[in-house]
Structure formats: structure tokens, C-alpha cells
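*Asks:* I'd like to ask you about the structure that follows.
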Amino acid sequence: MLKPLAEVVEPGSDFFVEDIALTAIVFDADDDDVTLWVTTVFDEELHFFHLAASFADLSTLLRLAGERGAEIDLEVANALSGDSDDTAPADGTEPAENPAQAATRERAQAADEAADRDADEEDDDDDDEDDDDDLHPTLLEFVTDERPPVLLPGVALKLGFTYTDETDTEAAFNIFVLEGIYLHLS
């Protein structure tokens with residue numbers, strides 16, 4: 001039975017997880033972050049958690065997942081652009097430029113530009129002058145025989161808590177931030 005990772009990790013501690021499997025990717029077209037649904041073995045038991053990450057981190061993780069990761073990176077790029085067409089040439093050769101990586105890079109640049117904007121800007125409340133009121137998050141799930149979880153062998157993630165004191169634990173329970181991606185060298 002899956003257990004929340006937050007139940008077994010000491011709040012505020014530095015820790016790593018290995019034996020990682022991505023089971024879903026959730027993102028919104030008007031947001032600069034993604035949420036990954038992840039399972040891991042921790043203390044010899046299977047746990048799940050939610051991981052807040054950037055699109056650049058997602059792209060890195062998917063590159064570490066090999067061919068399957070490249071397919072999913074393309075799926076994310078297509079979902080972001082609203083395009084569902086396969087961009088691979090019919091002859092099976094690699095495209096001249098990987099559109100998924102280009103879209104992810106553009107997304108990371110847009111995130112950097114958004115972070116540089118003046119912090120005094122007001123949040124976009126529901127108004128009649130914009131067209132983002134009908135946007136919904138996109139969910140890409142990997143939990144069936146046809147779409148199994150995305151395994152990340154040899155990868156360790158350093159995680160941090162999204163809250164800093166005990167008063168915030170309810171709002172951020174079992175959600176962690178990605179502090180680093182590490183590879184095992186053999």
C-alpha cells in the first residue's frame with residue numbers, strides 16, 4: 001500500500017530519494033511550474049509524493065529516462081502548444097531540432113522573464129479583458145499497462161519541504177520541492 005512520504009520524513013531534514021517512478025505530470029499553460037506525481041521506495045516501503053519543479057527540471061528528468069522520456073518530453077511540448085501531431089519524420093529519422101526541448105527551453109526562458117518582472121504587479125483576478133479564464137491544468141498520467149510509470153534508474157533526487165514551520169504543514173502536506181538531481185556513477 002502506498003504511503004505519503006511526508007509521514008516518514010522528519011520535517012526540515014535534508015534527504016534524498018531513489019528508485020523513482022513518475023506516475024503523472026500536471027501543468028497549466030499559464031504557469032511556470034509543473035507538479036510531478038512520484039513514487040519511491042523509502043525505508044524499504046513504497047511511498048508517494050508530489051514534487052514541485054520547473055519545466056527545465058522536468059526536461060532534465062525526462063532526458064535521464066531515455067527514449068521514453070524523449071517521447072514524453074514531446075508529449076508535454078505538444079500539450080503546451082495545443083498540437084497533438086507527431087513531429088517525427090515518416091522515415092523514422094530524428095528531426096533536425098527536438099521540438100520538445102525547444103519548447104521546454106522557451107518555457108524556461110519565459111519563466112525567467114516572469115521572475116524578473118516587477119514584484120508589485122497585481123495578480124490576475126478574474127476579469128473580462130483576458131482569455132485565460134477557460135484554461136485548465138493538463139494531466140499526463142503513466143499508470144496503465146499501455147502507459148507505465150516513467151522509471152529513473154540511477155537517479156537520486158534531493159528534496160526539500162515546501163513549508164518552513166509547523167503552521168504550514170496542512171496546506172503543503174506531502175508536497176516537496178526539488179533541490180537537486182544526482183546520478184549514480186558506476
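Starting from 1 in every chain, residues are counted up; chains themselves are A, B, ... following the order of the C-alpha cells, and ligands are numbered from 1 as listed.
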Find the residues near Tyr182 (chain A): any atom within 8 Å, counting only C-alpha atoms, skip ones fewer than 2 places away on the same chain, and give them as a tab-separated table (two decimals) with all heavy atoms, in the first residue's frame.
*Replies:*
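Below is the file that was written, out20.tsv:
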```
chain	number	residue	atom	x	y	z
A	155	VAL	N	19.08	7.48	-10.66
A	155	VAL	CA	18.86	8.89	-10.34
A	155	VAL	C	18.46	9.02	-8.88
A	155	VAL	O	17.66	8.23	-8.37
A	155	VAL	CB	17.75	9.50	-11.24
A	155	VAL	CG1	17.43	10.93	-10.83
A	155	VAL	CG2	18.17	9.44	-12.70
A	156	ALA	N	19.01	10.00	-8.22
A	156	ALA	CA	18.60	10.35	-6.85
A	156	ALA	C	18.17	11.81	-6.86
A	156	ALA	O	18.77	12.65	-7.54
A	156	ALA	CB	19.75	10.14	-5.87
A	157	LEU	N	17.13	12.11	-6.12
A	157	LEU	CA	16.63	13.49	-6.03
A	157	LEU	C	16.81	13.98	-4.60
A	157	LEU	O	16.46	13.28	-3.65
A	157	LEU	CB	15.14	13.55	-6.39
A	157	LEU	CG	14.72	13.03	-7.75
A	157	LEU	CD1	13.21	13.14	-7.92
A	157	LEU	CD2	15.46	13.76	-8.86
A	158	LYS	N	17.34	15.18	-4.48
A	158	LYS	CA	17.39	15.82	-3.17
A	158	LYS	C	16.12	16.66	-3.06
A	158	LYS	O	15.84	17.49	-3.91
A	158	LYS	CB	18.61	16.71	-3.01
A	158	LYS	CG	18.69	17.32	-1.62
A	158	LYS	CD	19.93	18.15	-1.42
A	158	LYS	CE	19.93	18.68	0.01
A	158	LYS	NZ	20.98	19.67	0.21
A	180	GLY	N	17.83	19.20	-6.04
A	180	GLY	CA	18.95	18.72	-6.84
A	180	GLY	C	18.66	17.38	-7.48
A	180	GLY	O	17.85	16.59	-7.00
A	184	HIS	N	23.99	8.24	-10.11
A	184	HIS	CA	24.95	7.27	-9.59
A	184	HIS	C	25.97	6.99	-10.68
A	184	HIS	O	25.61	6.75	-11.84
A	184	HIS	CB	24.25	5.95	-9.22
A	184	HIS	CG	23.41	6.04	-8.01
A	184	HIS	ND1	23.94	6.05	-6.74
A	184	HIS	CD2	22.07	6.12	-7.86
A	184	HIS	CE1	22.96	6.12	-5.87
A	184	HIS	NE2	21.80	6.18	-6.52
```
*Asks:* Considering only C-alpha atoms, return as a PyMOL selection string whatever protein or nucleic-acid residues lie within 7 Å of region 50-53 of chain A, sequence-local ones (same chain, fewer than 5 positions apart) excluded.
*Replies:* chain A and resi 33-38+58+174-178
*Asks:* Could those residues be written to a file, using all heavy atoms, as a short mmCIF file (atom, residue, chain, number, x, y, z; two decimals), in the first residue's frame?
*Replies:*
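Result went into selection_35.cif, see below:
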```
data_model
loop_
_atom_site.label_atom_id
_atom_site.label_comp_id
_atom_site.auth_asym_id
_atom_site.auth_seq_id
_atom_site.Cartn_x
_atom_site.Cartn_y
_atom_site.Cartn_z
N ASP A 33 5.53 26.42 -13.53
CA ASP A 33 5.96 25.25 -12.78
C ASP A 33 5.12 24.04 -13.17
O ASP A 33 4.04 24.16 -13.73
CB ASP A 33 5.80 25.49 -11.27
CG ASP A 33 6.66 26.64 -10.79
OD1 ASP A 33 7.81 26.76 -11.25
OD2 ASP A 33 6.18 27.42 -9.95
N VAL A 34 5.66 22.88 -12.83
CA VAL A 34 4.93 21.63 -13.01
C VAL A 34 4.87 20.92 -11.67
O VAL A 34 5.69 21.16 -10.78
CB VAL A 34 5.60 20.71 -14.06
CG1 VAL A 34 5.57 21.34 -15.42
CG2 VAL A 34 7.01 20.36 -13.67
N THR A 35 3.91 20.04 -11.54
CA THR A 35 3.84 19.17 -10.38
C THR A 35 3.96 17.74 -10.88
O THR A 35 3.23 17.34 -11.79
CB THR A 35 2.50 19.34 -9.62
OG1 THR A 35 2.39 20.70 -9.20
CG2 THR A 35 2.45 18.43 -8.41
N LEU A 36 4.90 17.02 -10.31
CA LEU A 36 5.10 15.62 -10.68
C LEU A 36 4.52 14.75 -9.58
O LEU A 36 4.72 15.03 -8.40
CB LEU A 36 6.59 15.33 -10.85
CG LEU A 36 7.34 16.25 -11.81
CD1 LEU A 36 8.82 15.92 -11.80
CD2 LEU A 36 6.78 16.15 -13.20
N TRP A 37 3.83 13.70 -9.96
CA TRP A 37 3.37 12.70 -9.01
C TRP A 37 4.38 11.58 -9.08
O TRP A 37 4.63 11.02 -10.15
CB TRP A 37 1.97 12.22 -9.36
CG TRP A 37 0.92 13.29 -9.31
CD1 TRP A 37 1.07 14.59 -8.93
CD2 TRP A 37 -0.44 13.14 -9.67
NE1 TRP A 37 -0.13 15.26 -9.03
CE2 TRP A 37 -1.07 14.38 -9.48
CE3 TRP A 37 -1.20 12.08 -10.14
CZ2 TRP A 37 -2.42 14.59 -9.75
CZ3 TRP A 37 -2.55 12.28 -10.39
CH2 TRP A 37 -3.14 13.52 -10.19
N VAL A 38 4.96 11.26 -7.95
CA VAL A 38 6.11 10.37 -7.93
C VAL A 38 5.92 9.27 -6.89
O VAL A 38 5.33 9.51 -5.83
CB VAL A 38 7.40 11.17 -7.58
CG1 VAL A 38 8.64 10.32 -7.67
CG2 VAL A 38 7.53 12.40 -8.48
N LEU A 58 11.99 19.30 -15.23
CA LEU A 58 11.23 18.23 -15.86
C LEU A 58 11.95 17.74 -17.10
O LEU A 58 12.10 16.53 -17.31
CB LEU A 58 9.82 18.71 -16.23
CG LEU A 58 9.00 17.73 -17.07
CD1 LEU A 58 8.76 16.42 -16.32
CD2 LEU A 58 7.68 18.37 -17.49
N ASN A 174 2.86 16.61 2.01
CA ASN A 174 3.33 15.66 1.00
C ASN A 174 3.70 16.31 -0.33
O ASN A 174 3.73 15.65 -1.35
CB ASN A 174 2.32 14.53 0.80
CG ASN A 174 3.00 13.24 0.43
OD1 ASN A 174 4.07 12.91 0.96
ND2 ASN A 174 2.41 12.50 -0.47
N ILE A 175 3.97 17.61 -0.31
CA ILE A 175 4.46 18.32 -1.49
C ILE A 175 5.88 18.76 -1.17
O ILE A 175 6.13 19.42 -0.16
CB ILE A 175 3.60 19.55 -1.83
CG1 ILE A 175 2.16 19.14 -2.06
CG2 ILE A 175 4.16 20.26 -3.06
CD1 ILE A 175 1.20 20.30 -2.22
N PHE A 176 6.82 18.40 -2.04
CA PHE A 176 8.22 18.72 -1.83
C PHE A 176 8.73 19.52 -3.02
O PHE A 176 8.15 19.50 -4.11
CB PHE A 176 9.04 17.44 -1.67
CG PHE A 176 8.64 16.63 -0.48
CD1 PHE A 176 7.68 15.63 -0.59
CD2 PHE A 176 9.20 16.86 0.76
CE1 PHE A 176 7.28 14.89 0.51
CE2 PHE A 176 8.82 16.13 1.87
CZ PHE A 176 7.86 15.13 1.74
N VAL A 177 9.84 20.23 -2.80
CA VAL A 177 10.49 20.95 -3.88
C VAL A 177 11.77 20.21 -4.25
O VAL A 177 12.39 19.56 -3.41
CB VAL A 177 10.81 22.42 -3.50
CG1 VAL A 177 9.54 23.21 -3.33
CG2 VAL A 177 11.67 22.50 -2.28
N LEU A 178 12.14 20.31 -5.50
CA LEU A 178 13.34 19.67 -6.00
C LEU A 178 14.53 20.57 -5.74
O LEU A 178 14.59 21.70 -6.23
CB LEU A 178 13.19 19.38 -7.49
CG LEU A 178 14.34 18.68 -8.18
CD1 LEU A 178 14.59 17.31 -7.55
CD2 LEU A 178 14.05 18.54 -9.66
#
```
*Asks:* Taking into account only C-alpha atoms, which residue in the set A:Leu2, A:Leu46, A:Leu22, A:Val8 is nearest to Pro149 (chain A)?
*Replies:*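 Ranking A:Leu2, A:Leu46, A:Leu22, A:Val8 by distance to Pro149 (chain A), first place goes to A:Leu22.
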*Asks:* Please determine, counting only C-alpha atoms, which residue among A:Leu151, A:Ala21, A:Leu185, A:Val26 has the shortest atom-to-atom distance to His47 (chain A).
*Replies:*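 Closest to His47 (chain A), using only C-alpha atoms: A:Ala21.
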